[in-house]
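Have a look at the structure below before the remarks.
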Amino acid sequence: MPHISENLIRAGMAGDTPAALVRWGTTCLHQTLVATLATIPEEAVRRGFTPPSLLVVGGGWGEPP
């Protein structure tokens, strides 16, 4: 996880870009963690998120097209 965030930031994405981790998304065990691209690796460790998880990066969630 830290490598993904670091590489995206190194490639030009802002560290304050919204990011989310979704774990066990289609089950009753579903968990979601929302943070920024820069802070999500640390938050994932702090909250015990482990694979398999899906990382979603970018803004505009919940806004109509």
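Ordered as shown in the structure tokens, chains take letters A, B, and onward, while each chain numbers its residues from 1 and ligands are numbered from 1 in the order shown.
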*If you run DSSP on this backbone, which residues of chain A come out as alpha helix (DSSP H), and could you give them as a PyMOL selection string?*
chain A and resi 2-10+40-46
*DSSP on the backbone: what in chain A comes out strand (DSSP E), as a ChimeraX atom specification?*
/A:18-23,31-36,53-57
Spatial neighbours of segment 52-58 of chain A, max dist 6 Å, only C-alpha atoms, sep filter under 4 positions, as a PDB file with C-alpha atoms, in the first residue's frame:
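To be explicit, this is the file written out as result-v7.pdb:
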ATOM      1  CA  THR A  17      -6.468  13.495  -3.335  1.00  0.00           C
ATOM      2  CA  PRO A  18      -9.392  11.572  -1.802  1.00  0.00           C
ATOM      3  CA  ALA A  19      -8.831   7.833  -1.561  1.00  0.00           C
ATOM      4  CA  ALA A  20     -10.781   4.875  -0.233  1.00  0.00           C
ATOM      5  CA  LEU A  21     -10.076   1.259   0.561  1.00  0.00           C
ATOM      6  CA  VAL A  22     -12.938  -1.194   0.157  1.00  0.00           C
ATOM      7  CA  ARG A  23     -12.571  -4.581   1.788  1.00  0.00           C
TER       8      ARG A  23
END
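Counting from atom CA of His3 of chain A, the distance to atom CA of Gly60 of chain A is 24.1 Å.
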*Please, what distance in Å, to one decimal, runs between atom CA of Thr39 of chain A and atom CA of Ala14 of chain A?*
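Separation between atom CA of Thr39 of chain A and atom CA of Ala14 of chain A: 11.6 Å.
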